[in-house]
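Peer 1: Sharing a structure here in structure tokens format.
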Amino acid sequence: MKPVTILAIESSCDETAASVCMNGKILSNVIASQSVHEKYGGVVPELASRAHMQNIVPVVDQALKEAQQVAGISGDNNSILHSVDAIAFTQAPGLIGSLLVGTQFAKSLSLALNKPLIAVHHMQAHVLANLIPDKKPDFPFLCLTVSGGHTQIVLAKSPQDLKVIGESIDDAAGEAFDKTAKLLGLPYPGGPLIDQYALLGDPLRFKFAEPQIPELNFSFSGLKTSVLYFLQKQTPEFILENRNDLCASVQHTIVQVLLKKIKKAVVQTGVKQVCLAGGVSANSGLRNGIAQLGVVHGWKTFVPSFEYCTDNAAMIAITGYYKFIAGDFCGLETGPSARAEW
């Protein structure tokens, strides 16, 4: 039986990525990052879309080269390119200009190669990134998906049946990390730096507001305001001298909010397989916290490797593979969407 080969493209924000998977096994996962945004303290949409246009051809070419080598296919890149069964791409959500570059490139390949298209929802792909490793959860499982733009609890009953059962009503946890980092004078992206300094600090030194939101939803705007008001009363010298403790305390507060909600979700659903996903799942405090909860409560916990936590095309490829099996294709009329419901 001919293996199912998917070429995937991800361009939702400031990472240009391409991946090839064969029968659900990732053969390549190439990512080009954009350092141009660092001096602006955040992603500049126009610069991001321009960089995608520069990066997408060499990134796809490199992904094909690596995949062909891993698969042991002789010949040039066209050999594996013509063996591709479908082209998957991130259709939503994200920066519209960035999405447009990846979408149009995927459509062009689809027309040139006469291959079907598969539209992928970026947040669904983060959840299904947990199906990439050999050690993967069985269905059903719960997934705490935490990124710069989203914070969600997802109940996954199958690759095609993913339901959001809790989400942030305002800011995402990743945004809380990044905004706090900016208040502390840390360079962009600040979330990973908070994690580094937190390892050296006392997580119980400072107390910040922990929002009390009903059911399984989240809120982080109050926490950001609490941190802002506290820091406004301090001198720059105090903030610098206590940076490690401040980072540790903020991180502890955010992580505790996340862990309490996932504990509540387990109780409500009875599902004891718990996964992490999204860029913030690379945070050491969150990864350790979920692992400890698993030991205490007898859960099976799963955390993707770092390369599959942040934006990448491997998660688009694995999602595309399961959509291919289900016959879930899209037409050339499908366009990108900055915001899209599941």
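The way I read the labels, and the way they are meant: chains A, B, ... in the order of the structure tokens, residue 1 as the first residue of every chain, and ligand 1 as the first ligand shown, with later ones counted on from there.
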For Phe302 of chain A, work out the shell of residues within 10 Å, counting only C-alpha atoms and skipping chain neighbours fewer than 3 positions away, then give it as a list of chain:residue names.

Peer 2: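 Residues near the query, excluding close chain neighbours: A:Asn130, A:Leu131, A:Pro133, A:Lys135, A:Lys136, A:Pro137, A:Phe141, A:Cys143, A:Gln273, A:Val274, A:Cys275, A:Leu276, A:Ala277, A:Arg287, A:Ile290, A:Ala291, A:Gly294, A:Trp299, A:Ser305.
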
Peer 1: Take the residues from that selection and write them out as a short mmCIF file (atom, residue, chain, number, x, y, z; two decimals), in the first residue's frame, keeping N, CA and C atoms.

Peer 2:
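Contents of result-v2.cif, freshly written:
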```cif
data_model
loop_
_atom_site.label_atom_id
_atom_site.label_comp_id
_atom_site.auth_asym_id
_atom_site.auth_seq_id
_atom_site.Cartn_x
_atom_site.Cartn_y
_atom_site.Cartn_z
N ASN A 130 0.71 16.42 19.89
CA ASN A 130 0.95 15.35 20.86
C ASN A 130 0.90 13.97 20.23
N LEU A 131 0.43 13.87 18.98
CA LEU A 131 0.38 12.58 18.29
C LEU A 131 1.65 12.30 17.48
N PRO A 133 5.04 12.10 18.69
CA PRO A 133 6.02 11.16 19.29
C PRO A 133 5.50 9.73 19.28
N LYS A 135 5.52 7.87 21.93
CA LYS A 135 4.70 7.82 23.14
C LYS A 135 3.63 8.89 23.02
N LYS A 136 2.43 8.48 22.68
CA LYS A 136 1.35 9.42 22.45
C LYS A 136 0.12 9.02 23.24
N PRO A 137 -0.76 9.97 23.53
CA PRO A 137 -1.97 9.66 24.29
C PRO A 137 -2.98 8.87 23.46
N PHE A 141 -8.44 12.46 25.39
CA PHE A 141 -7.48 13.11 26.27
C PHE A 141 -7.82 14.59 26.39
N CYS A 143 -6.26 18.48 26.65
CA CYS A 143 -5.06 19.22 26.27
C CYS A 143 -5.16 20.66 26.76
N GLN A 273 -5.95 11.44 30.98
CA GLN A 273 -4.79 11.62 30.10
C GLN A 273 -4.72 13.11 29.78
N VAL A 274 -3.61 13.73 30.15
CA VAL A 274 -3.50 15.19 30.06
C VAL A 274 -2.26 15.56 29.26
N CYS A 275 -2.46 16.44 28.27
CA CYS A 275 -1.37 16.89 27.41
C CYS A 275 -1.17 18.39 27.52
N LEU A 276 0.01 18.84 27.17
CA LEU A 276 0.30 20.26 27.02
C LEU A 276 0.53 20.56 25.54
N ALA A 277 0.29 21.80 25.14
CA ALA A 277 0.56 22.21 23.77
C ALA A 277 0.72 23.72 23.72
N ARG A 287 5.75 22.73 32.67
CA ARG A 287 6.07 21.33 32.34
C ARG A 287 6.26 20.51 33.62
N ILE A 290 2.79 20.10 35.56
CA ILE A 290 1.86 19.11 35.01
C ILE A 290 2.36 17.70 35.28
N ALA A 291 3.69 17.53 35.23
CA ALA A 291 4.26 16.21 35.52
C ALA A 291 4.03 15.82 36.98
N GLY A 294 0.50 14.79 37.57
CA GLY A 294 0.29 13.44 37.06
C GLY A 294 0.68 12.38 38.05
N TRP A 299 -2.46 10.58 36.81
CA TRP A 299 -2.75 10.87 35.41
C TRP A 299 -1.61 10.35 34.53
N SER A 305 8.06 17.57 22.62
CA SER A 305 9.42 18.11 22.69
C SER A 305 9.38 19.57 22.30
#
```

Peer 1: Using DSSP secondary structure from the backbone, list all helix (DSSP H, G or I) positions within segment 63-116 of chain A, as an NGL selection string.

Peer 2: :A and (63-71 or 77-81 or 96-113)

Peer 1: Using only C-alpha atoms, which of A:Thr180, A:Thr334, A:Gln68, A:Ser33 sits nearest Ser221 of chain A?

Peer 2: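 Among the listed residues, the smallest separation from Ser221 of chain A belongs to A:Thr180.
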
Peer 1: What lies within 12 Å of segment 108-110 of chain A using only C-alpha atoms, ignoring chain neighbours under 5 positions off, as a PyMOL selection string?

Peer 2: chain A and resi 6-9+57+60+81-82+84-89+101-103+115-118+329-332

Peer 1: Keeping only N, CA and C atoms, write the selected residues as a PDB file, in the first residue's frame.

Peer 2:
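The resulting file, selection.pdb, is shown below:
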```
ATOM      1  N   ILE A   6       2.525  13.888   3.220  1.00  0.00           N
ATOM      2  CA  ILE A   6       1.953  15.230   3.329  1.00  0.00           C
ATOM      3  C   ILE A   6       3.073  16.255   3.378  1.00  0.00           C
ATOM      4  N   LEU A   7       2.958  17.288   2.536  1.00  0.00           N
ATOM      5  CA  LEU A   7       3.824  18.466   2.634  1.00  0.00           C
ATOM      6  C   LEU A   7       3.022  19.548   3.349  1.00  0.00           C
ATOM      7  N   ALA A   8       3.582  20.108   4.410  1.00  0.00           N
ATOM      8  CA  ALA A   8       2.848  21.083   5.226  1.00  0.00           C
ATOM      9  C   ALA A   8       3.581  22.415   5.291  1.00  0.00           C
ATOM     10  N   ILE A   9       2.796  23.493   5.341  1.00  0.00           N
ATOM     11  CA  ILE A   9       3.331  24.850   5.395  1.00  0.00           C
ATOM     12  C   ILE A   9       2.662  25.605   6.537  1.00  0.00           C
ATOM     13  N   VAL A  57      10.274  29.836  -0.080  1.00  0.00           N
ATOM     14  CA  VAL A  57      10.850  28.933  -1.082  1.00  0.00           C
ATOM     15  C   VAL A  57      12.047  28.160  -0.528  1.00  0.00           C
ATOM     16  N   VAL A  60      10.813  25.520   2.181  1.00  0.00           N
ATOM     17  CA  VAL A  60      10.170  24.339   1.591  1.00  0.00           C
ATOM     18  C   VAL A  60      11.204  23.461   0.888  1.00  0.00           C
ATOM     19  N   LEU A  81       8.781  15.525  -4.067  1.00  0.00           N
ATOM     20  CA  LEU A  81       7.716  16.507  -4.266  1.00  0.00           C
ATOM     21  C   LEU A  81       6.565  15.894  -5.061  1.00  0.00           C
ATOM     22  N   HIS A  82       6.885  15.135  -6.100  1.00  0.00           N
ATOM     23  CA  HIS A  82       5.844  14.538  -6.931  1.00  0.00           C
ATOM     24  C   HIS A  82       5.189  13.331  -6.261  1.00  0.00           C
ATOM     25  N   VAL A  84       4.257  13.504  -3.132  1.00  0.00           N
ATOM     26  CA  VAL A  84       3.373  14.070  -2.108  1.00  0.00           C
ATOM     27  C   VAL A  84       1.915  13.813  -2.484  1.00  0.00           C
ATOM     28  N   ASP A  85       1.111  13.397  -1.499  1.00  0.00           N
ATOM     29  CA  ASP A  85      -0.302  13.101  -1.751  1.00  0.00           C
ATOM     30  C   ASP A  85      -1.208  14.302  -1.531  1.00  0.00           C
ATOM     31  N   ALA A  86      -0.794  15.233  -0.688  1.00  0.00           N
ATOM     32  CA  ALA A  86      -1.594  16.423  -0.435  1.00  0.00           C
ATOM     33  C   ALA A  86      -0.718  17.500   0.182  1.00  0.00           C
ATOM     34  N   ILE A  87      -1.199  18.741   0.099  1.00  0.00           N
ATOM     35  CA  ILE A  87      -0.474  19.878   0.662  1.00  0.00           C
ATOM     36  C   ILE A  87      -1.346  20.504   1.744  1.00  0.00           C
ATOM     37  N   ALA A  88      -0.833  20.494   2.959  1.00  0.00           N
ATOM     38  CA  ALA A  88      -1.553  21.072   4.098  1.00  0.00           C
ATOM     39  C   ALA A  88      -0.976  22.452   4.404  1.00  0.00           C
ATOM     40  N   PHE A  89      -1.825  23.357   4.850  1.00  0.00           N
ATOM     41  CA  PHE A  89      -1.368  24.709   5.162  1.00  0.00           C
ATOM     42  C   PHE A  89      -2.187  25.280   6.304  1.00  0.00           C
ATOM     43  N   VAL A 101       0.524  34.540   2.637  1.00  0.00           N
ATOM     44  CA  VAL A 101       1.715  34.056   1.936  1.00  0.00           C
ATOM     45  C   VAL A 101       1.708  32.528   1.888  1.00  0.00           C
ATOM     46  N   GLY A 102       1.489  31.880   3.037  1.00  0.00           N
ATOM     47  CA  GLY A 102       1.484  30.429   3.073  1.00  0.00           C
ATOM     48  C   GLY A 102       0.333  29.822   2.296  1.00  0.00           C
ATOM     49  N   THR A 103      -0.843  30.453   2.403  1.00  0.00           N
ATOM     50  CA  THR A 103      -2.022  29.954   1.694  1.00  0.00           C
ATOM     51  C   THR A 103      -1.828  30.004   0.186  1.00  0.00           C
ATOM     52  N   LYS A 115      -2.419  18.341  -6.842  1.00  0.00           N
ATOM     53  CA  LYS A 115      -2.549  17.652  -5.555  1.00  0.00           C
ATOM     54  C   LYS A 115      -3.639  18.330  -4.721  1.00  0.00           C
ATOM     55  N   PRO A 116      -4.360  17.565  -3.904  1.00  0.00           N
ATOM     56  CA  PRO A 116      -5.410  18.167  -3.076  1.00  0.00           C
ATOM     57  C   PRO A 116      -4.845  19.047  -1.968  1.00  0.00           C
ATOM     58  N   LEU A 117      -5.688  19.976  -1.513  1.00  0.00           N
ATOM     59  CA  LEU A 117      -5.333  20.897  -0.442  1.00  0.00           C
ATOM     60  C   LEU A 117      -6.012  20.493   0.860  1.00  0.00           C
ATOM     61  N   ILE A 118      -5.322  20.760   1.974  1.00  0.00           N
ATOM     62  CA  ILE A 118      -5.892  20.508   3.305  1.00  0.00           C
ATOM     63  C   ILE A 118      -5.694  21.767   4.140  1.00  0.00           C
ATOM     64  N   PHE A 329     -10.757  17.578   2.727  1.00  0.00           N
ATOM     65  CA  PHE A 329      -9.991  18.450   1.845  1.00  0.00           C
ATOM     66  C   PHE A 329     -10.711  19.784   1.666  1.00  0.00           C
ATOM     67  N   CYS A 330     -10.019  20.754   1.093  1.00  0.00           N
ATOM     68  CA  CYS A 330     -10.640  22.052   0.807  1.00  0.00           C
ATOM     69  C   CYS A 330     -10.371  22.422  -0.638  1.00  0.00           C
ATOM     70  N   GLY A 331     -11.094  23.427  -1.138  1.00  0.00           N
ATOM     71  CA  GLY A 331     -10.927  23.874  -2.509  1.00  0.00           C
ATOM     72  C   GLY A 331     -10.068  25.112  -2.616  1.00  0.00           C
ATOM     73  N   LEU A 332      -9.802  25.521  -3.843  1.00  0.00           N
ATOM     74  CA  LEU A 332      -8.972  26.698  -4.082  1.00  0.00           C
ATOM     75  C   LEU A 332      -9.654  27.988  -3.640  1.00  0.00           C
TER      76      LEU A 332
END
```

Peer 1: List as a VMD selection string the protein and nucleic acid residues near Val257 of chain A, meaning an atom at most 10 Å away when only C-alpha atoms are counted, but skip any in the same chain fewer than 2 places from it.

Peer 2: chain A and resid 173 210 to 213 218 to 220 252 to 255 259 to 262

Peer 1: Could you tell me which of A:Phe139, A:Tyr188, A:Phe238, A:Phe105 comes closest to Glu38 of chain A if we count only C-alpha atoms?

Peer 2: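 Checking each of A:Phe139, A:Tyr188, A:Phe238, A:Phe105 against Glu38 of chain A, counting only C-alpha atoms, the winner is A:Tyr188.
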
Peer 1: Mind checking which residues fall within 8 Å of Tyr197 of chain A, counting only C-alpha atoms, ignoring those fewer than 2 positions away in the same chain, and posting them as a ChimeraX atom specification?

Peer 2: /A:193-195,199-201,243-245,247-248

Peer 1: Take the residues from that selection and put them in a file with N, CA, C and O atoms, as a compact mmCIF listing (two decimals), in the first residue's frame.

Peer 2:
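Result saved to again03.txt:
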```txt
# COMPACT_ATOMS: atom_id res chain seq x y z
N LEU A 193 12.71 34.46 28.90
CA LEU A 193 13.63 35.07 29.86
C LEU A 193 13.05 35.03 31.28
O LEU A 193 13.78 34.79 32.25
N ILE A 194 11.74 35.23 31.41
CA ILE A 194 11.11 35.10 32.72
C ILE A 194 11.34 33.70 33.26
O ILE A 194 11.64 33.50 34.44
N ASP A 195 11.21 32.70 32.41
CA ASP A 195 11.42 31.31 32.81
C ASP A 195 12.86 31.12 33.31
O ASP A 195 13.09 30.47 34.34
N LEU A 199 13.98 30.41 37.55
CA LEU A 199 14.70 29.26 38.09
C LEU A 199 15.64 29.67 39.23
O LEU A 199 16.02 28.83 40.06
N LEU A 200 15.99 30.95 39.29
CA LEU A 200 16.93 31.45 40.29
C LEU A 200 16.24 32.17 41.44
O LEU A 200 16.90 32.63 42.37
N GLY A 201 14.90 32.28 41.36
CA GLY A 201 14.19 33.10 42.34
C GLY A 201 13.27 32.31 43.26
O GLY A 201 13.11 31.09 43.14
N ARG A 243 14.80 40.96 40.52
CA ARG A 243 14.29 40.44 39.24
C ARG A 243 14.01 38.94 39.29
O ARG A 243 12.97 38.48 38.80
N ASN A 244 14.90 38.17 39.87
CA ASN A 244 14.69 36.72 39.90
C ASN A 244 13.44 36.35 40.69
O ASN A 244 12.64 35.50 40.25
N ASP A 245 13.26 36.99 41.86
CA ASP A 245 12.09 36.69 42.68
C ASP A 245 10.80 37.17 42.01
O ASP A 245 9.76 36.52 42.11
N CYS A 247 10.24 37.44 38.75
CA CYS A 247 9.95 36.50 37.66
C CYS A 247 9.39 35.19 38.20
O CYS A 247 8.42 34.64 37.66
N ALA A 248 10.01 34.70 39.27
CA ALA A 248 9.56 33.44 39.85
C ALA A 248 8.14 33.56 40.40
O ALA A 248 7.32 32.64 40.24
```

Peer 1: Choose the residue, out of A:Thr145, A:Gln69, A:Thr225, A:Gln54, that has the smallest atom-to-atom separation from Lys179 of chain A; count only C-alpha atoms.

Peer 2: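 Nearest to Lys179 of chain A: A:Thr225.
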
Peer 1: Based on the backbone DSSP call, show me all residues of segment 84-250 of chain A assigned strand (DSSP E), as a PyMOL selection string.

Peer 2: chain A and resi 86-92+117-121+141-146+151-158+161-167

Peer 1: Include N, CA and C atoms and write out the residues we just selected as a compact mmCIF listing (two decimals), in the first residue's frame.

Peer 2:
```
# COMPACT_ATOMS: atom_id res chain seq x y z
N ALA A 86 -0.79 15.23 -0.69
CA ALA A 86 -1.59 16.42 -0.43
C ALA A 86 -0.72 17.50 0.18
N ILE A 87 -1.20 18.74 0.10
CA ILE A 87 -0.47 19.88 0.66
C ILE A 87 -1.35 20.50 1.74
N ALA A 88 -0.83 20.49 2.96
CA ALA A 88 -1.55 21.07 4.10
C ALA A 88 -0.98 22.45 4.40
N PHE A 89 -1.83 23.36 4.85
CA PHE A 89 -1.37 24.71 5.16
C PHE A 89 -2.19 25.28 6.30
N THR A 90 -1.58 26.19 7.05
CA THR A 90 -2.30 26.88 8.12
C THR A 90 -3.25 27.89 7.50
N GLN A 91 -4.55 27.67 7.73
CA GLN A 91 -5.57 28.56 7.15
C GLN A 91 -6.01 29.64 8.14
N ALA A 92 -5.93 29.33 9.44
CA ALA A 92 -6.37 30.25 10.48
C ALA A 92 -6.00 29.66 11.84
N LEU A 117 -5.69 19.98 -1.51
CA LEU A 117 -5.33 20.90 -0.44
C LEU A 117 -6.01 20.49 0.86
N ILE A 118 -5.32 20.76 1.97
CA ILE A 118 -5.89 20.51 3.30
C ILE A 118 -5.69 21.77 4.14
N ALA A 119 -6.80 22.38 4.56
CA ALA A 119 -6.74 23.57 5.41
C ALA A 119 -6.68 23.14 6.87
N VAL A 120 -5.78 23.74 7.63
CA VAL A 120 -5.55 23.34 9.02
C VAL A 120 -5.75 24.53 9.95
N HIS A 121 -6.48 24.31 11.03
CA HIS A 121 -6.63 25.31 12.08
C HIS A 121 -5.41 25.23 12.99
N PHE A 141 -8.44 12.46 25.39
CA PHE A 141 -7.48 13.11 26.27
C PHE A 141 -7.82 14.59 26.39
N LEU A 142 -7.32 15.19 27.45
CA LEU A 142 -7.45 16.64 27.65
C LEU A 142 -6.15 17.31 27.24
N CYS A 143 -6.26 18.48 26.65
CA CYS A 143 -5.06 19.22 26.27
C CYS A 143 -5.16 20.66 26.76
N LEU A 144 -4.18 21.07 27.54
CA LEU A 144 -4.05 22.46 27.97
C LEU A 144 -3.17 23.15 26.94
N THR A 145 -3.79 23.99 26.12
CA THR A 145 -3.08 24.65 25.02
C THR A 145 -2.81 26.09 25.40
N VAL A 146 -1.53 26.44 25.50
CA VAL A 146 -1.15 27.75 26.03
C VAL A 146 -0.14 28.40 25.09
N THR A 151 -5.33 30.63 25.27
CA THR A 151 -5.24 29.73 26.42
C THR A 151 -6.54 28.93 26.43
N GLN A 152 -6.44 27.62 26.24
CA GLN A 152 -7.62 26.79 26.07
C GLN A 152 -7.44 25.43 26.74
N ILE A 153 -8.55 24.85 27.15
CA ILE A 153 -8.59 23.45 27.52
C ILE A 153 -9.44 22.74 26.48
N VAL A 154 -8.87 21.73 25.86
CA VAL A 154 -9.53 21.03 24.76
C VAL A 154 -9.77 19.58 25.13
N LEU A 155 -10.97 19.10 24.88
CA LEU A 155 -11.30 17.69 25.03
C LEU A 155 -11.19 17.05 23.66
N ALA A 156 -10.23 16.14 23.50
CA ALA A 156 -9.99 15.48 22.22
C ALA A 156 -10.53 14.06 22.28
N LYS A 157 -11.55 13.79 21.48
CA LYS A 157 -12.14 12.44 21.41
C LYS A 157 -11.63 11.66 20.21
N SER A 158 -11.14 12.38 19.21
CA SER A 158 -10.53 11.78 18.02
C SER A 158 -9.81 12.91 17.29
N ASP A 161 -12.49 15.18 16.27
CA ASP A 161 -13.44 15.62 17.30
C ASP A 161 -12.70 16.29 18.44
N LEU A 162 -12.48 17.59 18.29
CA LEU A 162 -11.77 18.39 19.28
C LEU A 162 -12.72 19.49 19.74
N LYS A 163 -12.94 19.59 21.04
CA LYS A 163 -13.89 20.56 21.57
C LYS A 163 -13.24 21.42 22.64
N VAL A 164 -13.34 22.74 22.47
CA VAL A 164 -12.85 23.68 23.48
C VAL A 164 -13.85 23.70 24.63
N ILE A 165 -13.40 23.33 25.84
CA ILE A 165 -14.28 23.32 27.00
C ILE A 165 -13.92 24.41 28.01
N GLY A 166 -12.86 25.15 27.72
CA GLY A 166 -12.46 26.28 28.56
C GLY A 166 -11.48 27.15 27.80
N GLU A 167 -11.57 28.47 27.97
CA GLU A 167 -10.66 29.37 27.27
C GLU A 167 -10.59 30.71 27.99
```

Peer 1: What is the atom CA of Ala48 of chain A to atom CA of Lys182 of chain A distance in Å?

Peer 2: 20.7 Å

Peer 1: Of the residues A:Ser281, A:Ser337, A:Gly270, A:His37, which is the one nearest to Leu100 of chain A, using only C-alpha atoms?

Peer 2: A:Ser337

Peer 1: Out of A:His52, A:Lys264, A:His150, A:Arg205, which residue has the shortest atom-to-atom distance to Gly97 of chain A when counting only C-alpha atoms?

Peer 2: A:His52

Peer 1: Could you work out how far atom CA of Cys309 of chain A lies from atom CA of His126 of chain A, giving the answer in Å with one decimal?

Peer 2: 7.4 Å

Peer 1: By how many Å are atom CA of Tyr322 of chain A and atom CA of Ala32 of chain A apart?

Peer 2: 25.3 Å
